[in-house]
file my_file-v2.pdb (PDB, C-alpha atoms, pLDDT in the B column)
ATOM      1  CA  MET A 829       0.000   0.000   0.000  1.00 66.00           C
ATOM      2  CA  THR A 830       1.335   3.431  -0.968  1.00 68.00           C
ATOM      3  CA  PRO A 831       1.567   5.843   1.968  1.00 75.00           C
ATOM      4  CA  PHE A 832       0.128   9.280   1.185  1.00 80.00           C
ATOM      5  CA  ILE A 833       1.498  12.218   3.096  1.00 84.00           C
ATOM      6  CA  LYS A 834      -1.023  14.552   4.684  1.00 87.00           C
ATOM      7  CA  LYS A 835      -0.921  18.287   4.120  1.00 85.00           C
ATOM      8  CA  LYS A 836      -0.091  18.978   7.773  1.00 88.00           C
ATOM      9  CA  ASP A 837       2.907  16.611   7.597  1.00 87.00           C
ATOM     10  CA  ILE A 838       4.547  18.369   4.631  1.00 88.00           C
ATOM     11  CA  LYS A 839       7.720  20.191   5.622  1.00 90.00           C
ATOM     12  CA  ASN A 840       8.936  22.765   3.125  1.00 92.00           C
ATOM     13  CA  SER A 841      12.641  23.612   3.024  1.00 95.00           C
ATOM     14  CA  TRP A 842      14.226  26.717   1.557  1.00 97.00           C
ATOM     15  CA  TYR A 843      17.135  26.524  -0.891  1.00 97.00           C
ATOM     16  CA  LEU A 844      19.429  29.333  -2.030  1.00 97.00           C
ATOM     17  CA  VAL A 845      21.155  29.285  -5.439  1.00 97.00           C
ATOM     18  CA  ASN A 846      23.595  31.918  -6.664  1.00 95.00           C
ATOM     19  CA  GLY A 847      22.785  32.360 -10.369  1.00 94.00           C
ATOM     20  CA  GLU A 848      26.058  33.988 -11.378  1.00 93.00           C
ATOM     21  CA  ASN A 849      27.433  32.429 -14.616  1.00 93.00           C
ATOM     22  CA  LEU A 850      24.964  29.522 -14.467  1.00 95.00           C
ATOM     23  CA  ILE A 851      23.304  28.149 -17.614  1.00 95.00           C
ATOM     24  CA  VAL A 852      19.584  28.939 -17.810  1.00 95.00           C
ATOM     25  CA  GLY A 853      18.258  25.571 -19.008  1.00 95.00           C
ATOM     26  CA  ARG A 854      20.191  23.447 -16.539  1.00 95.00           C
ATOM     27  CA  LEU A 855      19.277  25.754 -13.659  1.00 96.00           C
ATOM     28  CA  ALA A 856      15.606  25.746 -14.679  1.00 97.00           C
ATOM     29  CA  ALA A 857      15.549  21.929 -14.840  1.00 96.00           C
ATOM     30  CA  TYR A 858      16.959  21.681 -11.317  1.00 96.00           C
ATOM     31  CA  ILE A 859      14.612  24.358  -9.952  1.00 97.00           C
ATOM     32  CA  SER A 860      11.521  22.728 -11.483  1.00 97.00           C
ATOM     33  CA  THR A 861      12.495  19.398  -9.881  1.00 96.00           C
ATOM     34  CA  VAL A 862      12.783  21.011  -6.451  1.00 97.00           C
ATOM     35  CA  LEU A 863       9.557  23.054  -6.852  1.00 97.00           C
ATOM     36  CA  ARG A 864       7.574  19.909  -7.713  1.00 96.00           C
ATOM     37  CA  GLY A 865       9.118  17.949  -4.850  1.00 94.00           C
ATOM     38  CA  LYS A 866      10.614  15.251  -7.069  1.00 94.00           C
ATOM     39  CA  ASN A 867      13.818  15.337  -5.050  1.00 92.00           C
ATOM     40  CA  LYS A 868      11.942  14.003  -1.997  1.00 91.00           C
ATOM     41  CA  SER A 869      11.119  10.406  -1.219  1.00 87.00           C
ATOM     42  CA  GLN A 870       7.435  11.201  -0.545  1.00 87.00           C
ATOM     43  CA  TYR A 871       6.822  12.732  -3.998  1.00 89.00           C
ATOM     44  CA  ASN A 872       3.213  12.675  -5.099  1.00 88.00           C
ATOM     45  CA  PRO A 873       2.276  14.225  -8.467  1.00 89.00           C
ATOM     46  CA  ASN A 874      -1.080  15.576  -7.295  1.00 89.00           C
ATOM     47  CA  GLN A 875       0.221  17.295  -4.135  1.00 90.00           C
ATOM     48  CA  ASP A 876       2.294  20.389  -3.614  1.00 92.00           C
ATOM     49  CA  ASN A 877       5.091  19.072  -1.421  1.00 91.00           C
ATOM     50  CA  GLY A 878       7.901  20.973  -3.161  1.00 93.00           C
ATOM     51  CA  ASP A 879      10.355  23.334  -1.551  1.00 96.00           C
ATOM     52  CA  PHE A 880      11.032  27.051  -1.890  1.00 97.00           C
ATOM     53  CA  VAL A 881      13.923  28.176  -4.114  1.00 97.00           C
ATOM     54  CA  ILE A 882      15.669  31.549  -3.863  1.00 98.00           C
ATOM     55  CA  VAL A 883      17.822  32.565  -6.842  1.00 97.00           C
ATOM     56  CA  THR A 884      20.160  35.533  -6.426  1.00 97.00           C
ATOM     57  CA  ASN A 885      22.207  37.361  -9.100  1.00 95.00           C
ATOM     58  CA  ILE A 886      19.435  36.706 -11.613  1.00 94.00           C
ATOM     59  CA  ASP A 887      20.866  39.306 -13.981  1.00 92.00           C
ATOM     60  CA  LYS A 888      24.099  37.280 -14.416  1.00 93.00           C
ATOM     61  CA  ILE A 889      22.652  34.002 -15.725  1.00 93.00           C
ATOM     62  CA  LYS A 890      23.940  32.905 -19.128  1.00 93.00           C
ATOM     63  CA  PHE A 891      22.901  31.105 -22.299  1.00 93.00           C
ATOM     64  CA  THR A 892      25.211  28.830 -24.269  1.00 92.00           C
ATOM     65  CA  GLY A 893      25.969  29.472 -27.914  1.00 92.00           C
ATOM     66  CA  LYS A 894      24.028  32.198 -29.728  1.00 94.00           C
ATOM     67  CA  LYS A 895      20.770  31.687 -27.832  1.00 93.00           C
ATOM     68  CA  ASN A 896      21.044  35.127 -26.256  1.00 91.00           C
ATOM     69  CA  LYS A 897      20.374  36.717 -29.679  1.00 92.00           C
ATOM     70  CA  ASN A 898      18.628  33.971 -31.659  1.00 95.00           C
ATOM     71  CA  LYS A 899      16.165  32.522 -29.115  1.00 94.00           C
ATOM     72  CA  LYS A 900      12.654  33.939 -29.449  1.00 95.00           C
ATOM     73  CA  TYR A 901       9.795  34.158 -26.963  1.00 93.00           C
ATOM     74  CA  TYR A 902       6.382  34.481 -28.609  1.00 94.00           C
ATOM     75  CA  LYS A 903       3.025  35.718 -27.350  1.00 93.00           C
ATOM     76  CA  HIS A 904      -0.201  36.472 -29.152  1.00 95.00           C
ATOM     77  CA  THR A 905      -2.459  39.413 -28.376  1.00 95.00           C
ATOM     78  CA  GLY A 906      -5.592  37.604 -29.510  1.00 95.00           C
ATOM     79  CA  HIS A 907      -6.130  39.903 -32.495  1.00 97.00           C
ATOM     80  CA  PRO A 908      -5.439  38.911 -36.122  1.00 97.00           C
ATOM     81  CA  GLY A 909      -1.759  39.421 -36.865  1.00 95.00           C
ATOM     82  CA  GLY A 910      -1.077  40.025 -33.205  1.00 96.00           C
ATOM     83  CA  ILE A 911       1.913  37.761 -32.684  1.00 96.00           C
ATOM     84  CA  LYS A 912       4.722  39.467 -30.788  1.00 96.00           C
ATOM     85  CA  SER A 913       8.245  38.177 -30.265  1.00 96.00           C
ATOM     86  CA  THR A 914      11.199  39.136 -28.109  1.00 94.00           C
ATOM     87  CA  SER A 915      14.662  37.765 -27.422  1.00 94.00           C
ATOM     88  CA  PRO A 916      16.591  37.338 -24.153  1.00 94.00           C
ATOM     89  CA  LEU A 917      18.914  40.163 -25.214  1.00 93.00           C
ATOM     90  CA  LYS A 918      15.974  42.578 -25.524  1.00 94.00           C
ATOM     91  CA  MET A 919      14.552  41.357 -22.203  1.00 92.00           C
ATOM     92  CA  ARG A 920      17.858  42.095 -20.458  1.00 91.00           C
ATOM     93  CA  GLU A 921      17.909  45.580 -21.974  1.00 93.00           C
ATOM     94  CA  ASN A 922      14.388  46.155 -20.598  1.00 92.00           C
ATOM     95  CA  LYS A 923      15.506  44.926 -17.128  1.00 89.00           C
ATOM     96  CA  LYS A 924      13.382  41.767 -17.304  1.00 89.00           C
ATOM     97  CA  SER A 925      16.039  39.140 -16.523  1.00 87.00           C
ATOM     98  CA  GLN A 926      13.637  37.543 -14.048  1.00 91.00           C
ATOM     99  CA  GLU A 927      11.238  36.700 -16.859  1.00 93.00           C
ATOM    100  CA  ILE A 928      13.900  34.682 -18.706  1.00 95.00           C
ATOM    101  CA  LEU A 929      14.320  32.180 -15.868  1.00 95.00           C
ATOM    102  CA  LYS A 930      10.626  32.298 -14.986  1.00 95.00           C
ATOM    103  CA  PHE A 931       9.638  31.329 -18.563  1.00 94.00           C
ATOM    104  CA  ALA A 932      12.130  28.455 -18.536  1.00 95.00           C
ATOM    105  CA  VAL A 933      10.912  27.071 -15.193  1.00 97.00           C
ATOM    106  CA  LYS A 934       7.230  27.603 -16.002  1.00 96.00           C
ATOM    107  CA  ARG A 935       7.509  25.648 -19.242  1.00 94.00           C
ATOM    108  CA  MET A 936       9.125  22.724 -17.393  1.00 96.00           C
ATOM    109  CA  LEU A 937       6.200  22.454 -14.975  1.00 96.00           C
ATOM    110  CA  PRO A 938       2.915  20.806 -15.975  1.00 93.00           C
ATOM    111  CA  GLY A 939       0.021  23.141 -16.756  1.00 90.00           C
ATOM    112  CA  GLY A 940      -2.774  23.866 -14.334  1.00 92.00           C
ATOM    113  CA  PRO A 941      -3.460  25.384 -10.939  1.00 95.00           C
ATOM    114  CA  LEU A 942      -0.966  23.167  -9.101  1.00 95.00           C
ATOM    115  CA  ALA A 943       1.889  24.375 -11.316  1.00 95.00           C
ATOM    116  CA  LYS A 944       0.946  28.004 -10.662  1.00 95.00           C
ATOM    117  CA  LYS A 945       1.079  27.344  -6.929  1.00 95.00           C
ATOM    118  CA  GLN A 946       4.444  25.628  -7.276  1.00 96.00           C
ATOM    119  CA  LEU A 947       5.840  28.453  -9.414  1.00 96.00           C
ATOM    120  CA  SER A 948       4.928  30.939  -6.683  1.00 96.00           C
ATOM    121  CA  LYS A 949       7.565  29.232  -4.498  1.00 97.00           C
ATOM    122  CA  LEU A 950      10.315  30.538  -6.790  1.00 97.00           C
ATOM    123  CA  LYS A 951      11.843  33.778  -5.493  1.00 97.00           C
ATOM    124  CA  MET A 952      14.283  35.682  -7.741  1.00 96.00           C
ATOM    125  CA  TYR A 953      16.443  38.703  -6.870  1.00 96.00           C
ATOM    126  CA  TYR A 954      18.995  40.948  -8.557  1.00 94.00           C
ATOM    127  CA  GLY A 955      22.268  41.035  -6.632  1.00 93.00           C
ATOM    128  CA  ASP A 956      23.283  38.990  -3.593  1.00 94.00           C
ATOM    129  CA  LYS A 957      20.718  40.303  -1.105  1.00 95.00           C
ATOM    130  CA  HIS A 958      17.354  38.692  -0.397  1.00 96.00           C
ATOM    131  CA  PRO A 959      14.775  39.173   2.401  1.00 96.00           C
ATOM    132  CA  HIS A 960      14.535  35.466   3.326  1.00 96.00           C
ATOM    133  CA  ASP A 961      17.356  35.188   5.867  1.00 95.00           C
ATOM    134  CA  SER A 962      14.918  34.269   8.634  1.00 95.00           C
ATOM    135  CA  GLN A 963      13.945  31.066   6.783  1.00 95.00           C
ATOM    136  CA  ASN A 964      17.575  29.819   7.020  1.00 96.00           C
ATOM    137  CA  PRO A 965      17.894  28.705   3.386  1.00 97.00           C
ATOM    138  CA  ILE A 966      20.234  25.845   2.541  1.00 96.00           C
ATOM    139  CA  GLU A 967      22.831  27.121   0.090  1.00 96.00           C
ATOM    140  CA  ILE A 968      23.336  24.926  -2.958  1.00 95.00           C
ATOM    141  CA  ASN A 969      26.545  25.311  -4.942  1.00 94.00           C
ATOM    142  CA  PHE A 970      24.983  24.438  -8.292  1.00 91.00           C
ATOM    143  CA  SER A 971      28.192  24.939 -10.254  1.00 88.00           C
ATOM    144  CA  LYS A 972      29.874  22.114  -8.286  1.00 90.00           C
ATOM    145  CA  LEU A 973      27.138  19.555  -9.118  1.00 90.00           C
ATOM    146  CA  ASN A 974      28.300  19.271 -12.745  1.00 90.00           C
ATOM    147  CA  LYS A 975      31.074  21.006 -14.682  1.00 90.00           C
ATOM    148  CA  LYS A 976      28.588  21.820 -17.476  1.00 91.00           C
ATOM    149  CA  ASN A 977      26.324  23.849 -15.169  1.00 90.00           C
ATOM    150  CA  PHE A 978      28.272  27.099 -15.454  1.00 85.00           C
ATOM    151  CA  ILE A 979      30.231  29.143 -17.966  1.00 87.00           C
ATOM    152  CA  LYS A 980      33.745  30.235 -17.063  1.00 81.00           C
ATOM    153  CA  ASN A 981      34.539  33.860 -17.786  1.00 71.00           C
TER     154      ASN A 981
END

call {"tool": "encode", "arguments": {"input": "my_file-v2.pdb", "output": "structure tokens"}}
result
Amino acid sequence: MTPFIKKKDIKNSWYLVNGENLIVGRLAAYISTVLRGKNKSQYNPNQDNGDFVIVTNIDKIKFTGKKNKNKKYYKHTGHPGGIKSTSPLKMRENKKSQEILKFAVKRMLPGGPLAKKQLSKLKMYYGDKHPHDSQNPIEINFSKLNKKNFIKN
């Protein structure tokens, strides 16, 4: 018989990741795993037992290759001929570096209300400072997990 964890028994941890020189796709894959709770032994796909993730230095994340210029994000206004596109380079110029990582993580989560709730556990900040010191986040050195996770300058 499969044991189901009750909502009152779920313990959420807080993790801190420094995003400086990290690759967007690899970071987003790791974050989406933690937000869903797949890194825990009591993972259940229809429950929100994921953890909180704090990402600092969000403006210093990187793409590999020419994705910074060539990658396109599309949205449609709903009107005929209303397709709009932007690139990560334009988003950085408009000070929307948070949206780059948020799009990547959001598209790795399943659709629906549960994914929206899980995405709200992602906290992103420019620079090293964040207001979540009282939660005692566990710092994860993501660049040490795999040599392909970061770009050397």

call {"tool": "atom_distance", "arguments": {"input": "my_file-v2.pdb", "atom1": "atom CA of Tyr858 of chain A", "atom2": "atom CA of Gly940 of chain A"}}
result
20.1 Å

call {"tool": "atom_distance", "arguments": {"input": "my_file-v2.pdb", "atom1": "atom CA of Ile838 of chain A", "atom2": "atom CA of Gln963 of chain A"}}
result
15.9 Å

call {"tool": "resolve_selection", "arguments": {"input": "my_file-v2.pdb", "expression": "the PyMOL selection byres ((chain A and resi 926) around 8)", "output": "NGL selection string"}}
result
:A and (886-887 or 924-925 or 927-930 or 952-953)

call {"tool": "resolve_selection", "arguments": {"input": "my_file-v2.pdb", "expression": "the PyMOL selection byres ((chain A and resi 979) around 12)", "output": "list of chain:residue names"}}
result
A:Gly847, A:Glu848, A:Asn849, A:Leu850, A:Ile851, A:Val852, A:Arg854, A:Lys888, A:Ile889, A:Lys890, A:Phe891, A:Thr892, A:Gly893, A:Phe970, A:Ser971, A:Lys972, A:Asn974, A:Lys975, A:Lys976, A:Asn977, A:Phe978, A:Lys980, A:Asn981

call {"tool": "write_last_selection", "arguments": {"input": "my_file-v2.pdb", "atoms": "C-alpha atoms", "output": "PDB file, in the frame of the given file"}}
result
ATOM      1  CA  GLY A 847      22.785  32.360 -10.369  1.00 94.00           C
ATOM      2  CA  GLU A 848      26.058  33.988 -11.378  1.00 93.00           C
ATOM      3  CA  ASN A 849      27.433  32.429 -14.616  1.00 93.00           C
ATOM      4  CA  LEU A 850      24.964  29.522 -14.467  1.00 95.00           C
ATOM      5  CA  ILE A 851      23.304  28.149 -17.614  1.00 95.00           C
ATOM      6  CA  VAL A 852      19.584  28.939 -17.810  1.00 95.00           C
ATOM      7  CA  ARG A 854      20.191  23.447 -16.539  1.00 95.00           C
ATOM      8  CA  LYS A 888      24.099  37.280 -14.416  1.00 93.00           C
ATOM      9  CA  ILE A 889      22.652  34.002 -15.725  1.00 93.00           C
ATOM     10  CA  LYS A 890      23.940  32.905 -19.128  1.00 93.00           C
ATOM     11  CA  PHE A 891      22.901  31.105 -22.299  1.00 93.00           C
ATOM     12  CA  THR A 892      25.211  28.830 -24.269  1.00 92.00           C
ATOM     13  CA  GLY A 893      25.969  29.472 -27.914  1.00 92.00           C
ATOM     14  CA  PHE A 970      24.983  24.438  -8.292  1.00 91.00           C
ATOM     15  CA  SER A 971      28.192  24.939 -10.254  1.00 88.00           C
ATOM     16  CA  LYS A 972      29.874  22.114  -8.286  1.00 90.00           C
ATOM     17  CA  ASN A 974      28.300  19.271 -12.745  1.00 90.00           C
ATOM     18  CA  LYS A 975      31.074  21.006 -14.682  1.00 90.00           C
ATOM     19  CA  LYS A 976      28.588  21.820 -17.476  1.00 91.00           C
ATOM     20  CA  ASN A 977      26.324  23.849 -15.169  1.00 90.00           C
ATOM     21  CA  PHE A 978      28.272  27.099 -15.454  1.00 85.00           C
ATOM     22  CA  LYS A 980      33.745  30.235 -17.063  1.00 81.00           C
ATOM     23  CA  ASN A 981      34.539  33.860 -17.786  1.00 71.00           C
TER      24      ASN A 981
END

call {"tool": "atom_distance", "arguments": {"input": "my_file-v2.pdb", "atom1": "atom CA of Asn840 of chain A", "atom2": "atom CA of Val883 of chain A"}}
result
16.6 Å

call {"tool": "resolve_selection", "arguments": {"input": "my_file-v2.pdb", "expression": "the PyMOL selection byres ((chain A and resi 915) around 12)", "output": "list in words"}}
result
Phe891, Lys894, Lys895, Asn896, Lys897, Asn898, Lys899, Lys900, Tyr901, Tyr902, Lys903, Lys912, Ser913, Thr914, Pro916, Leu917, Lys918, Met919, Arg920, Glu921, Asn922, Lys924, Ser925, Glu927 and Ile928 of chain A

call {"tool": "write_last_selection", "arguments": {"input": "my_file-v2.pdb", "atoms": "C-alpha atoms", "output": "tab-separated table (two decimals), keeping the file's coordinate frame"}}
result
chain	number	residue	atom	x	y	z
A	891	PHE	CA	22.90	31.10	-22.30
A	894	LYS	CA	24.03	32.20	-29.73
A	895	LYS	CA	20.77	31.69	-27.83
A	896	ASN	CA	21.04	35.13	-26.26
A	897	LYS	CA	20.37	36.72	-29.68
A	898	ASN	CA	18.63	33.97	-31.66
A	899	LYS	CA	16.16	32.52	-29.12
A	900	LYS	CA	12.65	33.94	-29.45
A	901	TYR	CA	9.80	34.16	-26.96
A	902	TYR	CA	6.38	34.48	-28.61
A	903	LYS	CA	3.02	35.72	-27.35
A	912	LYS	CA	4.72	39.47	-30.79
A	913	SER	CA	8.24	38.18	-30.26
A	914	THR	CA	11.20	39.14	-28.11
A	916	PRO	CA	16.59	37.34	-24.15
A	917	LEU	CA	18.91	40.16	-25.21
A	918	LYS	CA	15.97	42.58	-25.52
A	919	MET	CA	14.55	41.36	-22.20
A	920	ARG	CA	17.86	42.10	-20.46
A	921	GLU	CA	17.91	45.58	-21.97
A	922	ASN	CA	14.39	46.16	-20.60
A	924	LYS	CA	13.38	41.77	-17.30
A	925	SER	CA	16.04	39.14	-16.52
A	927	GLU	CA	11.24	36.70	-16.86
A	928	ILE	CA	13.90	34.68	-18.71

call {"tool": "residues_near_point", "arguments": {"input": "my_file-v2.pdb", "point": "(13.9, 31.0, -3.9)", "cutoff": "8 Å", "atoms": "all atoms listed in the file", "output": "PyMOL selection string"}}
result
chain A and resi 842-845+880-883+949-952

call {"tool": "axis_aligned_box", "arguments": {"input": "my_file-v2.pdb", "around": "segment 967-981 of chain A", "padding_each_side": "6 Å", "output": "AutoDock Vina command-line options"}}
result
--center_x 28.7 --center_y 26.6 --center_z -8.9 --size_x 23.7 --size_y 26.6 --size_z 30.1

call {"tool": "closest_residue", "arguments": {"input": "my_file-v2.pdb", "among": "A:Arg935, A:Lys835, A:Lys923, A:His904", "to": "Tyr954 of chain A", "atoms": "only C-alpha atoms"}}
result
A:Lys923

call {"tool": "closest_residue", "arguments": {"input": "my_file-v2.pdb", "among": "A:Asn874, A:Asn885, A:Thr861, A:Gln946", "to": "His958 of chain A", "atoms": "only C-alpha atoms"}}
result
A:Asn885

call {"tool": "closest_residue", "arguments": {"input": "my_file-v2.pdb", "among": "A:Leu863, A:Asn872, A:Ala857, A:Ser962", "to": "Lys834 of chain A", "atoms": "all atoms listed in the file"}}
result
A:Asn872

call {"tool": "closest_residue", "arguments": {"input": "my_file-v2.pdb", "among": "A:Gly955, A:Ile968, A:Pro831, A:Asn877", "to": "Arg864 of chain A", "atoms": "only C-alpha atoms"}}
result
A:Asn877

call {"tool": "build_atoms", "arguments": {"input": "my_file-v2.pdb", "residues": "segment 849-870 of chain A", "atoms": "N, CA and C atoms", "output": "PDB file, keeping the file's coordinate frame"}}
result
ATOM      1  N   ASN A 849      26.794  33.253 -13.574  1.00 93.00           N
ATOM      2  CA  ASN A 849      27.433  32.429 -14.616  1.00 93.00           C
ATOM      3  C   ASN A 849      26.830  31.040 -14.765  1.00 93.00           C
ATOM      4  N   LEU A 850      25.618  30.819 -14.300  1.00 95.00           N
ATOM      5  CA  LEU A 850      24.964  29.522 -14.467  1.00 95.00           C
ATOM      6  C   LEU A 850      24.184  29.506 -15.779  1.00 95.00           C
ATOM      7  N   ILE A 851      24.018  28.311 -16.353  1.00 95.00           N
ATOM      8  CA  ILE A 851      23.304  28.149 -17.614  1.00 95.00           C
ATOM      9  C   ILE A 851      21.807  28.048 -17.331  1.00 95.00           C
ATOM     10  N   VAL A 852      21.017  28.790 -18.073  1.00 95.00           N
ATOM     11  CA  VAL A 852      19.584  28.939 -17.810  1.00 95.00           C
ATOM     12  C   VAL A 852      18.842  27.601 -17.828  1.00 95.00           C
ATOM     13  N   GLY A 853      19.012  26.804 -18.867  1.00 95.00           N
ATOM     14  CA  GLY A 853      18.258  25.571 -19.008  1.00 95.00           C
ATOM     15  C   GLY A 853      18.557  24.559 -17.917  1.00 95.00           C
ATOM     16  N   ARG A 854      19.809  24.396 -17.581  1.00 95.00           N
ATOM     17  CA  ARG A 854      20.191  23.447 -16.539  1.00 95.00           C
ATOM     18  C   ARG A 854      19.685  23.910 -15.174  1.00 95.00           C
ATOM     19  N   LEU A 855      19.778  25.208 -14.920  1.00 96.00           N
ATOM     20  CA  LEU A 855      19.277  25.754 -13.659  1.00 96.00           C
ATOM     21  C   LEU A 855      17.768  25.604 -13.571  1.00 96.00           C
ATOM     22  N   ALA A 856      17.067  25.862 -14.666  1.00 97.00           N
ATOM     23  CA  ALA A 856      15.606  25.746 -14.679  1.00 97.00           C
ATOM     24  C   ALA A 856      15.165  24.307 -14.464  1.00 97.00           C
ATOM     25  N   ALA A 857      15.891  23.340 -15.029  1.00 96.00           N
ATOM     26  CA  ALA A 857      15.549  21.929 -14.840  1.00 96.00           C
ATOM     27  C   ALA A 857      15.696  21.532 -13.378  1.00 96.00           C
ATOM     28  N   TYR A 858      16.755  22.000 -12.738  1.00 96.00           N
ATOM     29  CA  TYR A 858      16.959  21.681 -11.317  1.00 96.00           C
ATOM     30  C   TYR A 858      15.889  22.345 -10.456  1.00 96.00           C
ATOM     31  N   ILE A 859      15.603  23.618 -10.740  1.00 97.00           N
ATOM     32  CA  ILE A 859      14.612  24.358  -9.952  1.00 97.00           C
ATOM     33  C   ILE A 859      13.228  23.722 -10.083  1.00 97.00           C
ATOM     34  N   SER A 860      12.844  23.328 -11.294  1.00 97.00           N
ATOM     35  CA  SER A 860      11.521  22.728 -11.483  1.00 97.00           C
ATOM     36  C   SER A 860      11.410  21.395 -10.742  1.00 97.00           C
ATOM     37  N   THR A 861      12.503  20.645 -10.645  1.00 96.00           N
ATOM     38  CA  THR A 861      12.495  19.398  -9.881  1.00 96.00           C
ATOM     39  C   THR A 861      12.262  19.668  -8.398  1.00 96.00           C
ATOM     40  N   VAL A 862      12.931  20.673  -7.865  1.00 97.00           N
ATOM     41  CA  VAL A 862      12.783  21.011  -6.451  1.00 97.00           C
ATOM     42  C   VAL A 862      11.395  21.591  -6.167  1.00 97.00           C
ATOM     43  N   LEU A 863      10.879  22.450  -7.057  1.00 97.00           N
ATOM     44  CA  LEU A 863       9.557  23.054  -6.852  1.00 97.00           C
ATOM     45  C   LEU A 863       8.454  21.997  -6.840  1.00 97.00           C
ATOM     46  N   ARG A 864       8.581  20.972  -7.674  1.00 96.00           N
ATOM     47  CA  ARG A 864       7.574  19.909  -7.713  1.00 96.00           C
ATOM     48  C   ARG A 864       7.713  18.943  -6.555  1.00 96.00           C
ATOM     49  N   GLY A 865       8.898  18.873  -5.946  1.00 94.00           N
ATOM     50  CA  GLY A 865       9.118  17.949  -4.850  1.00 94.00           C
ATOM     51  C   GLY A 865       9.638  16.601  -5.308  1.00 94.00           C
ATOM     52  N   LYS A 866      10.122  16.522  -6.533  1.00 94.00           N
ATOM     53  CA  LYS A 866      10.614  15.251  -7.069  1.00 94.00           C
ATOM     54  C   LYS A 866      11.920  14.812  -6.436  1.00 94.00           C
ATOM     55  N   ASN A 867      12.581  15.704  -5.722  1.00 92.00           N
ATOM     56  CA  ASN A 867      13.818  15.337  -5.050  1.00 92.00           C
ATOM     57  C   ASN A 867      13.555  14.695  -3.678  1.00 92.00           C
ATOM     58  N   LYS A 868      12.312  14.597  -3.288  1.00 91.00           N
ATOM     59  CA  LYS A 868      11.942  14.003  -1.997  1.00 91.00           C
ATOM     60  C   LYS A 868      11.454  12.573  -2.191  1.00 91.00           C
ATOM     61  N   SER A 869      11.559  11.803  -1.130  1.00 87.00           N
ATOM     62  CA  SER A 869      11.119  10.406  -1.219  1.00 87.00           C
ATOM     63  C   SER A 869       9.593  10.294  -1.197  1.00 87.00           C
ATOM     64  N   GLN A 870       8.899  11.269  -0.627  1.00 87.00           N
ATOM     65  CA  GLN A 870       7.435  11.201  -0.545  1.00 87.00           C
ATOM     66  C   GLN A 870       6.768  12.000  -1.667  1.00 87.00           C
TER      67      GLN A 870
END
